[in-house]
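my_file15.pdb (PDB, C-alpha atoms and all ligand atoms)
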```
MODEL        1
ATOM      1  CA  MET A   1       9.886 -27.370  -1.648
ATOM      2  CA  SER A   2      13.213 -26.821   0.107
ATOM      3  CA  SER A   3      13.466 -27.014   3.884
ATOM      4  CA  TYR A   4      15.153 -23.614   4.202
ATOM      5  CA  THR A   5      13.239 -21.622   6.790
ATOM      6  CA  LEU A   6      12.345 -18.101   5.778
ATOM      7  CA  PRO A   7      13.603 -15.310   7.977
ATOM      8  CA  ALA A   8      10.619 -13.824   9.820
ATOM      9  CA  LEU A   9       8.989 -10.962   7.956
ATOM     10  CA  ASP A  10       9.303  -7.564   9.620
ATOM     11  CA  SER A  11       6.101  -6.107  11.084
ATOM     12  CA  ARG A  12       5.303  -4.088   7.919
ATOM     13  CA  LEU A  13       5.579  -7.019   5.520
ATOM     14  CA  ALA A  14       3.881  -9.329   8.039
ATOM     15  CA  LEU A  15       0.833  -7.038   8.147
ATOM     16  CA  ILE A  16       0.664  -6.950   4.344
ATOM     17  CA  ALA A  17       0.917 -10.760   4.203
ATOM     18  CA  SER A  18      -1.878 -11.113   6.764
ATOM     19  CA  MET A  19      -4.183  -8.962   4.592
ATOM     20  CA  VAL A  20      -3.719 -11.081   1.435
ATOM     21  CA  PRO A  21      -6.926 -12.992   0.642
ATOM     22  CA  GLN A  22      -6.438 -16.737   1.100
ATOM     23  CA  GLY A  23      -5.830 -18.827  -2.020
ATOM     24  CA  THR A  24      -5.210 -15.959  -4.437
ATOM     25  CA  VAL A  25      -2.626 -15.454  -7.170
ATOM     26  CA  VAL A  26      -0.423 -12.544  -6.164
ATOM     27  CA  ALA A  27       1.644 -10.060  -8.145
ATOM     28  CA  ASP A  28       4.196  -8.310  -5.934
ATOM     29  CA  ILE A  29       5.228  -5.182  -7.827
ATOM     30  CA  GLY A  30       8.627  -3.861  -6.779
ATOM     31  CA  THR A  31       9.356  -7.138  -5.019
ATOM     32  CA  ASP A  32      13.069  -6.358  -4.401
ATOM     33  CA  HIS A  33      14.221  -9.169  -2.051
ATOM     34  CA  GLY A  34      11.170 -11.301  -2.926
ATOM     35  CA  PHE A  35      10.317 -12.016   0.725
ATOM     36  CA  LEU A  36       6.574 -11.516   0.335
ATOM     37  CA  PRO A  37       5.826 -13.855  -2.595
ATOM     38  CA  VAL A  38       8.120 -16.572  -1.224
ATOM     39  CA  TYR A  39       6.562 -16.282   2.228
ATOM     40  CA  LEU A  40       2.994 -16.282   0.889
ATOM     41  CA  VAL A  41       3.537 -19.333  -1.299
ATOM     42  CA  LYS A  42       5.487 -21.263   1.347
ATOM     43  CA  GLN A  43       2.773 -20.546   3.928
ATOM     44  CA  GLY A  44       0.155 -21.826   1.481
ATOM     45  CA  ARG A  45      -1.672 -18.489   1.594
ATOM     46  CA  CYS A  46      -1.198 -18.078  -2.177
ATOM     47  CA  SER A  47      -1.324 -20.770  -4.791
ATOM     48  CA  ARG A  48       1.059 -18.936  -7.133
ATOM     49  CA  ALA A  49       2.775 -15.592  -7.438
ATOM     50  CA  TYR A  50       4.583 -13.176  -9.730
ATOM     51  CA  ALA A  51       7.618 -11.436  -8.245
ATOM     52  CA  CYS A  52       8.099  -8.305 -10.352
ATOM     53  CA  ASP A  53      10.661  -5.563 -10.378
ATOM     54  CA  ILE A  54      11.776  -2.899 -12.824
ATOM     55  CA  ASN A  55      15.440  -3.401 -11.937
ATOM     56  CA  GLU A  56      17.564  -6.439 -12.626
ATOM     57  CA  LYS A  57      19.589  -6.388  -9.421
ATOM     58  CA  PRO A  58      16.647  -6.648  -7.034
ATOM     59  CA  LEU A  59      14.994  -9.198  -9.308
ATOM     60  CA  ASP A  60      18.153 -11.319  -9.117
ATOM     61  CA  LYS A  61      17.868 -11.265  -5.325
ATOM     62  CA  ALA A  62      14.254 -12.428  -5.616
ATOM     63  CA  LYS A  63      15.216 -15.176  -8.105
ATOM     64  CA  PHE A  64      17.885 -16.416  -5.705
ATOM     65  CA  LEU A  65      15.396 -16.569  -2.827
ATOM     66  CA  ILE A  66      12.779 -18.297  -4.982
ATOM     67  CA  SER A  67      15.211 -20.967  -6.105
ATOM     68  CA  ARG A  68      16.735 -21.445  -2.639
ATOM     69  CA  HIS A  69      13.280 -22.119  -1.263
ATOM     70  CA  GLY A  70      12.377 -24.504  -4.072
ATOM     71  CA  VAL A  71       9.314 -22.558  -5.207
ATOM     72  CA  SER A  72      10.359 -21.795  -8.808
ATOM     73  CA  ASP A  73       7.383 -23.825 -10.058
ATOM     74  CA  LYS A  74       4.993 -21.504  -8.198
ATOM     75  CA  ILE A  75       6.635 -18.094  -8.494
ATOM     76  CA  GLU A  76       7.550 -16.422 -11.745
ATOM     77  CA  ALA A  77      10.097 -13.598 -11.540
ATOM     78  CA  ARG A  78       9.423 -10.887 -14.107
ATOM     79  CA  LEU A  79      11.390  -7.815 -15.130
ATOM     80  CA  THR A  80       8.554  -5.309 -15.566
ATOM     81  CA  ASN A  81       7.682  -1.663 -15.231
ATOM     82  CA  GLY A  82       4.702  -1.625 -12.897
ATOM     83  CA  LEU A  83       1.922  -3.924 -14.041
ATOM     84  CA  SER A  84       2.825  -4.063 -17.698
ATOM     85  CA  GLY A  85       2.527  -7.511 -19.211
ATOM     86  CA  LEU A  86       0.382  -8.844 -16.370
ATOM     87  CA  GLU A  87      -2.990  -7.916 -17.924
ATOM     88  CA  GLU A  88      -3.634 -11.384 -19.358
ATOM     89  CA  THR A  89      -2.565 -13.334 -16.274
ATOM     90  CA  ASP A  90      -4.853 -14.733 -13.569
ATOM     91  CA  VAL A  91      -3.470 -12.373 -10.918
ATOM     92  CA  ASP A  92      -6.189 -11.445  -8.457
ATOM     93  CA  THR A  93      -4.177  -9.738  -5.697
ATOM     94  CA  VAL A  94      -1.770  -6.921  -6.473
ATOM     95  CA  ILE A  95       0.725  -5.784  -3.827
ATOM     96  CA  ILE A  96       2.608  -2.524  -4.290
ATOM     97  CA  ALA A  97       4.635  -1.771  -1.174
ATOM     98  CA  GLY A  98       7.619   0.298  -0.189
ATOM     99  CA  MET A  99       7.257   3.002  -2.860
ATOM    100  CA  GLY A 100       6.082   6.622  -2.766
ATOM    101  CA  GLY A 101       2.333   7.270  -2.912
ATOM    102  CA  GLU A 102       2.635   9.168  -6.193
ATOM    103  CA  LEU A 103       4.544   6.345  -7.880
ATOM    104  CA  ILE A 104       1.988   3.804  -6.656
ATOM    105  CA  ALA A 105      -0.799   5.979  -8.139
ATOM    106  CA  THR A 106       1.078   6.169 -11.471
ATOM    107  CA  ILE A 107       1.501   2.386 -11.531
ATOM    108  CA  LEU A 108      -2.246   1.926 -10.887
ATOM    109  CA  GLU A 109      -3.106   4.443 -13.606
ATOM    110  CA  ASN A 110      -0.839   2.731 -16.145
ATOM    111  CA  GLY A 111      -2.107  -0.696 -15.110
ATOM    112  CA  LYS A 112      -5.817   0.129 -15.383
ATOM    113  CA  THR A 113      -6.736  -3.013 -17.308
ATOM    114  CA  LEU A 114      -5.626  -5.272 -14.480
ATOM    115  CA  VAL A 115      -6.422  -3.249 -11.355
ATOM    116  CA  ARG A 116      -9.945  -2.346 -12.512
ATOM    117  CA  LYS A 117     -10.920  -5.976 -13.216
ATOM    118  CA  SER A 118     -13.663  -7.246 -10.980
ATOM    119  CA  GLY A 119     -12.398  -9.557  -8.247
ATOM    120  CA  VAL A 120      -8.957  -7.961  -8.052
ATOM    121  CA  THR A 121      -7.801  -6.836  -4.593
ATOM    122  CA  LEU A 122      -5.080  -4.235  -4.138
ATOM    123  CA  LEU A 123      -2.740  -3.999  -1.146
ATOM    124  CA  LEU A 124      -0.856  -0.724  -1.150
ATOM    125  CA  GLN A 125       1.751   0.503   1.310
ATOM    126  CA  PRO A 126       3.029   3.982   0.509
ATOM    127  CA  MET A 127       6.288   5.161   2.119
ATOM    128  CA  THR A 128       5.464   8.828   1.440
ATOM    129  CA  ARG A 129       2.473  10.965   0.349
ATOM    130  CA  PRO A 130      -0.235   8.503   1.459
ATOM    131  CA  GLU A 131      -2.777  11.342   1.119
ATOM    132  CA  THR A 132      -1.955  11.702  -2.597
ATOM    133  CA  LEU A 133      -2.516   7.991  -3.110
ATOM    134  CA  ARG A 134      -5.835   8.020  -1.183
ATOM    135  CA  GLU A 135      -6.944  11.025  -3.248
ATOM    136  CA  TYR A 136      -6.140   9.142  -6.456
ATOM    137  CA  LEU A 137      -8.092   6.120  -5.192
ATOM    138  CA  ALA A 138     -11.152   8.218  -4.284
ATOM    139  CA  LYS A 139     -11.193  10.126  -7.574
ATOM    140  CA  ASN A 140     -10.804   7.006  -9.658
ATOM    141  CA  GLY A 141     -13.464   4.802  -8.110
ATOM    142  CA  PHE A 142     -11.440   2.622  -5.726
ATOM    143  CA  GLU A 143     -13.013   1.868  -2.364
ATOM    144  CA  ILE A 144     -10.780   1.378   0.668
ATOM    145  CA  THR A 145     -12.170  -1.713   2.380
ATOM    146  CA  GLU A 146      -9.576  -1.992   5.148
ATOM    147  CA  GLU A 147      -6.583   0.003   6.338
ATOM    148  CA  HIS A 148      -4.230  -0.440   9.287
ATOM    149  CA  GLY A 149      -1.230   1.334  10.753
ATOM    150  CA  VAL A 150       1.962  -0.563  11.495
ATOM    151  CA  LYS A 151       5.216   0.401  13.209
ATOM    152  CA  SER A 152       8.480  -0.787  11.792
ATOM    153  CA  GLY A 153      11.648   0.451  13.458
ATOM    154  CA  LYS A 154      11.325   4.186  14.003
ATOM    155  CA  PHE A 155       8.623   4.604  11.365
ATOM    156  CA  ILE A 156       4.895   4.112  11.112
ATOM    157  CA  TYR A 157       3.148   3.171   7.883
ATOM    158  CA  SER A 158      -0.310   2.316   6.704
ATOM    159  CA  VAL A 159      -1.407  -0.610   4.588
ATOM    160  CA  ILE A 160      -4.434   0.018   2.382
ATOM    161  CA  LYS A 161      -6.665  -2.735   1.033
ATOM    162  CA  CYS A 162      -8.961  -1.593  -1.761
ATOM    163  CA  VAL A 163     -11.037  -2.711  -4.707
ATOM    164  CA  TYR A 164     -12.267  -0.966  -7.832
ATOM    165  CA  THR A 165     -15.986  -0.183  -7.759
ATOM    166  CA  GLY A 166     -16.043   2.483 -10.475
ATOM    167  CA  ILE A 167     -17.862   4.818  -8.075
ATOM    168  CA  PRO A 168     -15.770   7.875  -7.169
ATOM    169  CA  GLN A 169     -15.562   8.430  -3.394
ATOM    170  CA  PRO A 170     -16.113  11.809  -1.665
ATOM    171  CA  GLN A 171     -13.217  14.188  -2.294
ATOM    172  CA  THR A 172     -12.508  15.282   1.269
ATOM    173  CA  LEU A 173      -9.379  15.989   3.286
ATOM    174  CA  PHE A 174     -10.772  13.508   5.841
ATOM    175  CA  HIS A 175     -10.763  10.733   3.254
ATOM    176  CA  ASN A 176      -7.306  11.655   1.976
ATOM    177  CA  TYR A 177      -5.688  11.733   5.425
ATOM    178  CA  VAL A 178      -7.685   9.090   7.303
ATOM    179  CA  GLY A 179      -8.712   6.571   4.653
ATOM    180  CA  GLY A 180      -9.886   3.388   6.326
ATOM    181  CA  LEU A 181      -7.866   3.933   9.530
ATOM    182  CA  GLY A 182     -10.850   5.223  11.506
ATOM    183  CA  LYS A 183     -12.363   1.729  11.373
ATOM    184  CA  SER A 184      -9.174  -0.111  12.357
ATOM    185  CA  ASP A 185      -8.977  -1.435  15.918
ATOM    186  CA  ARG A 186      -5.153  -1.718  15.933
ATOM    187  CA  THR A 187      -3.331   0.500  18.446
ATOM    188  CA  GLU A 188      -0.844   1.372  15.710
ATOM    189  CA  SER A 189      -3.672   2.788  13.594
ATOM    190  CA  ALA A 190      -4.508   5.198  16.420
ATOM    191  CA  ASP A 191      -0.795   6.071  16.655
ATOM    192  CA  TYR A 192      -0.723   6.722  12.913
ATOM    193  CA  LEU A 193      -3.720   9.057  13.256
ATOM    194  CA  LYS A 194      -2.015  10.919  16.146
ATOM    195  CA  ARG A 195       1.009  11.463  13.922
ATOM    196  CA  THR A 196      -1.314  12.642  11.128
ATOM    197  CA  LEU A 197      -2.926  15.107  13.550
ATOM    198  CA  ASP A 198       0.536  16.550  14.397
ATOM    199  CA  ILE A 199       1.302  16.928  10.679
ATOM    200  CA  ILE A 200      -2.020  18.674   9.996
ATOM    201  CA  LYS A 201      -1.596  20.990  12.989
ATOM    202  CA  LYS A 202       1.831  22.066  11.683
ATOM    203  CA  LYS A 203       0.455  22.526   8.180
ATOM    204  CA  THR A 204      -2.456  24.579   9.535
ATOM    205  CA  ALA A 205      -0.085  26.789  11.544
ATOM    206  CA  GLY A 206       1.822  27.411   8.298
ATOM    207  CA  LEU A 207      -1.400  28.300   6.470
ATOM    208  CA  GLU A 208      -2.322  30.709   9.274
ATOM    209  CA  MET A 209       0.970  32.573   8.784
ATOM    210  CA  SER A 210       0.561  32.706   5.019
ATOM    211  CA  SER A 211      -0.274  35.912   3.201
ATOM    212  CA  LYS A 212      -1.356  34.034   0.048
ATOM    213  CA  GLU A 213      -5.121  34.054  -0.457
ATOM    214  CA  SER A 214      -5.049  30.581  -2.060
ATOM    215  CA  GLU A 215      -3.426  29.138   1.076
ATOM    216  CA  ARG A 216      -5.654  30.954   3.560
ATOM    217  CA  GLU A 217      -8.680  29.568   1.690
ATOM    218  CA  GLN A 218      -7.578  26.091   2.772
ATOM    219  CA  LEU A 219      -7.797  26.996   6.470
ATOM    220  CA  PRO A 220     -11.450  26.118   7.211
ATOM    221  CA  ALA A 221     -11.073  22.611   5.748
ATOM    222  CA  HIS A 222      -7.848  22.047   7.700
ATOM    223  CA  ARG A 223      -9.410  23.283  10.954
ATOM    224  CA  GLN A 224     -12.337  20.945  10.370
ATOM    225  CA  LEU A 225      -9.937  18.060   9.777
ATOM    226  CA  ILE A 226      -8.190  18.810  13.088
ATOM    227  CA  GLU A 227     -11.550  18.602  14.871
ATOM    228  CA  GLN A 228     -12.452  15.365  13.108
ATOM    229  CA  LEU A 229      -9.083  13.806  13.931
ATOM    230  CA  GLU A 230      -9.305  14.862  17.575
ATOM    231  CA  GLN A 231     -12.756  13.304  17.828
ATOM    232  CA  LEU A 232     -11.587  10.110  16.152
ATOM    233  CA  ILE A 233      -8.482   9.813  18.330
ATOM    234  CA  GLY A 234     -10.533  10.554  21.443
ATOM    235  CA  GLY A 235     -12.812   7.717  20.444
ATOM    236  CA  THR A 236      -9.929   5.261  19.963
ATOM    237  CA  LYS A 237      -8.290   5.885  23.419
TER     238      LYS A 237
HETATM  239  C1  LIG B   1      12.122   0.038  -1.492
HETATM  240  S1  LIG B   1      11.871  -1.326  -2.514
HETATM  241  C2  LIG B   1      10.463  -2.057  -1.753
HETATM  242  C3  LIG B   1      10.594  -3.562  -1.696
HETATM  243  C4  LIG B   1       9.403  -4.306  -1.129
HETATM  244  N1  LIG B   1       8.229  -4.147  -1.958
HETATM  245  C5  LIG B   1       9.122  -3.869   0.282
HETATM  246  O1  LIG B   1       8.083  -3.241   0.514
HETATM  247  O2  LIG B   1       9.933  -4.173   1.186
HETATM  248  C6  LIG B   1      11.204  -0.665  -4.016
HETATM  249  C7  LIG B   1      11.393  -1.599  -5.184
HETATM  250  O3  LIG B   1      10.528  -1.152  -6.220
HETATM  251  C8  LIG B   1      11.180  -1.294  -7.459
HETATM  252  N2  LIG B   1      10.500  -0.389  -8.399
HETATM  253  C9  LIG B   1      10.560   0.963  -8.457
HETATM  254  N3  LIG B   1       9.777   1.438  -9.460
HETATM  255  C10 LIG B   1       9.180   0.353 -10.013
HETATM  256  C11 LIG B   1       8.261   0.175 -11.088
HETATM  257  N4  LIG B   1       7.785   1.215 -11.785
HETATM  258  N5  LIG B   1       7.882  -1.074 -11.406
HETATM  259  C12 LIG B   1       8.336  -2.138 -10.716
HETATM  260  N6  LIG B   1       9.222  -2.035  -9.699
HETATM  261  C13 LIG B   1       9.633  -0.811  -9.354
HETATM  262  C14 LIG B   1      12.632  -0.959  -7.134
HETATM  263  O4  LIG B   1      13.522  -1.484  -8.091
HETATM  264  C15 LIG B   1      12.792  -1.597  -5.754
HETATM  265  O5  LIG B   1      13.275  -2.913  -5.829
ENDMDL
END
```
Reformat the file's structure so that it appears as structure tokens.
Ligand SMILES: C[S@@+](CC[C@H](N)C(=O)[O-])C[C@H]1O[C@@H](n2cnc3c(N)ncnc32)[C@H](O)[C@@H]1O
Amino acid sequence: MSSYTLPALDSRLALIASMVPQGTVVADIGTDHGFLPVYLVKQGRCSRAYACDINEKPLDKAKFLISRHGVSDKIEARLTNGLSGLEETDVDTVIIAGMGGELIATILENGKTLVRKSGVTLLLQPMTRPETLREYLAKNGFEITEEHGVKSGKFIYSVIKCVYTGIPQPQTLFHNYVGGLGKSDRTESADYLKRTLDIIKKKTAGLEMSSKESEREQLPAHRQLIEQLEQLIGGTK
């Protein structure tokens, strides 16, 4: 291994890295710069990794980093759409970070064979529409086992750890907006929930102004979510 020191991961990537189960084989989908797989292998947290991207340019950046750090024997760079081609590998941790929640859900749906294998852990970090991703997970039998908020620059994100159980989870707004954050003891998780409460309050105000029956029907569930969030946030102070 080369003696180049890795630049420190930013807080978002550092949280993801800290949630990777020790000793696993990781596939980082949409790896871009390749920081995560190189970091994980160099730290000894992962034995091997696949750095995957759908675009050549980012994959070239990852290949450069892999070779510069002397870990080409442990990390394979692959040009792939989502999880395709990884079904027959021994990957047991899948990371999909820095993409929209809907795209992450599509990648999971198209990569069913791998992500629904027993013993496979998923680490997902949506940049947008986290509620759509959590809804997909609940409907399709994925259980969120851990979730934490993390601030990076001006933004706040959540990192979801989940596994496939095959048992659909309750289809509630609470699940879709809170996920596993209610059980997290990180201050940033409480901050994430406060931001979620602001979003839901604005959405509810919009529903209250609406003349459409279909929108007004959503009001009771949104009001209940506001109460639940206020209780949860009160409890995390
Ligand atoms: C914003 S970057 C995120 C990089 C890194 N994962 C992170 O969180 O910092 C998104 C990357 O996902 C890649 N990407 C987008 N759609 C993809 C797909 N369907 N399969 C694999 N990679 C994809 C893009 O080419 C890009 O490099």
Shell of 8 Å around stretch 129-141 of chain A, only C-alpha atoms, local chain residues under 4 positions omitted, as a PyMOL selection string
chain A and resi 100-102+104-105+164-171+175-177+179
Looking at A:Leu219, A:Val150, A:Ile107, A:Leu181, which one is nearest to ligand LIG 1 (chain B), with distances taken over only C-alpha atoms and all ligand atoms?
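Once distances to ligand LIG 1 (chain B) are computed over only C-alpha atoms and all ligand atoms, the minimum belongs to A:Ile107.
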Between atom CA of A:Ile144 and atom CA of A:Ser184, what is the spacing in Å?
11.9 Å
Assuming the chain letters and numbering stay as they are in my file, what does the PyMOL selection byres (((not hetatm)) within 8 of (chain B and resi 1)) actually select? List them as a ChimeraX atom specification.
/A:12-13,28-36,52-59,79-83,95-99,103,107,125
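Computed from the coordinates, the atom CA of A:Val120 to atom CA of A:Leu86 distance equals 12.5 Å.
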Of the residues A:Ile233, A:Val91, A:Leu193, A:Ile226, which is the one nearest to A:Tyr157, using all atoms listed in the file?
A:Leu193
Protein/DNA/RNA residues near (-12.9, -7.2, -9.9), cut 12 Å, only C-alpha atoms, as an NGL selection string:
:A and (90-94 or 112-122 or 142-143 or 162-166)
Pull C-alpha atoms from the residues just selected and write them as a compact mmCIF listing (two decimals), keeping the file's coordinate frame.
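The resulting file, result-v7.txt, is reproduced below:
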```txt
# COMPACT_ATOMS: atom_id res chain seq x y z
CA ASP A 90 -4.85 -14.73 -13.57
CA VAL A 91 -3.47 -12.37 -10.92
CA ASP A 92 -6.19 -11.44 -8.46
CA THR A 93 -4.18 -9.74 -5.70
CA VAL A 94 -1.77 -6.92 -6.47
CA LYS A 112 -5.82 0.13 -15.38
CA THR A 113 -6.74 -3.01 -17.31
CA LEU A 114 -5.63 -5.27 -14.48
CA VAL A 115 -6.42 -3.25 -11.36
CA ARG A 116 -9.94 -2.35 -12.51
CA LYS A 117 -10.92 -5.98 -13.22
CA SER A 118 -13.66 -7.25 -10.98
CA GLY A 119 -12.40 -9.56 -8.25
CA VAL A 120 -8.96 -7.96 -8.05
CA THR A 121 -7.80 -6.84 -4.59
CA LEU A 122 -5.08 -4.24 -4.14
CA PHE A 142 -11.44 2.62 -5.73
CA GLU A 143 -13.01 1.87 -2.36
CA CYS A 162 -8.96 -1.59 -1.76
CA VAL A 163 -11.04 -2.71 -4.71
CA TYR A 164 -12.27 -0.97 -7.83
CA THR A 165 -15.99 -0.18 -7.76
CA GLY A 166 -16.04 2.48 -10.48
```
Using all atoms listed in the file, which protein or nucleic acid residues come within 12 Å of A:Ala205? Drop anything in the same chain fewer than 5 positions from it, and give the result as a CSV table (one decimal) with C-alpha atoms, keeping the file's coordinate frame.
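New file part-v3.csv:
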```csv
chain,number,residue,atom,x,y,z
A,198,ASP,CA,0.5,16.6,14.4
A,199,ILE,CA,1.3,16.9,10.7
A,200,ILE,CA,-2.0,18.7,10.0
A,210,SER,CA,0.6,32.7,5.0
A,215,GLU,CA,-3.4,29.1,1.1
A,216,ARG,CA,-5.7,31.0,3.6
A,218,GLN,CA,-7.6,26.1,2.8
A,219,LEU,CA,-7.8,27.0,6.5
A,222,HIS,CA,-7.8,22.0,7.7
A,223,ARG,CA,-9.4,23.3,11.0
A,226,ILE,CA,-8.2,18.8,13.1
```
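Remark: for A:Lys151, the closest of the candidate residues A:Asp10, A:Tyr4, A:Ser211, A:Gln231 is A:Asp10 (distances computed over only C-alpha atoms).
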For atom CA of A:Gln43 and atom CA of A:Lys154, quote the distance in Å rounded to one decimal.
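Going from atom CA of A:Gln43 over to atom CA of A:Lys154, I get 28.0 Å.
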Got a sec to check which residues sit within 12 Å of (14.5, -16.1, -2.6), counting only C-alpha atoms, and write them as a PyMOL selection string?
chain A and resi 2+4-7+31-39+41-42+51+58-72+75-77
Residues near A:Ser11, cut-off 10 Å, only C-alpha atoms, skip fewer than 4 positions along chain, as number ranges by chain:
A: 15-17, 150-153
Would you save the residues from that selection as a compact mmCIF listing (two decimals), in the coordinates of the input, using C-alpha atoms?
```txt
# COMPACT_ATOMS: atom_id res chain seq x y z
CA LEU A 15 0.83 -7.04 8.15
CA ILE A 16 0.66 -6.95 4.34
CA ALA A 17 0.92 -10.76 4.20
CA VAL A 150 1.96 -0.56 11.50
CA LYS A 151 5.22 0.40 13.21
CA SER A 152 8.48 -0.79 11.79
CA GLY A 153 11.65 0.45 13.46
```
Could you work out an axis-aligned bounding box for all listed atoms of stretch 122-138 of chain A, with 3 Å added on each of the six sides, and give its centre and edge lengths in Å to one decimal, as AutoDock Vina command-line options?
```
--center_x -2.4 --center_y 3.7 --center_z -2.2 --size_x 23.4 --size_y 21.9 --size_z 14.6
```
Report as a ChimeraX atom specification the residues that result from applying the PyMOL selection byres (((chain A and resi 192) around 9) and not hetatm) to the structure here.
/A:148-151,156-158,181,187-191,193-197
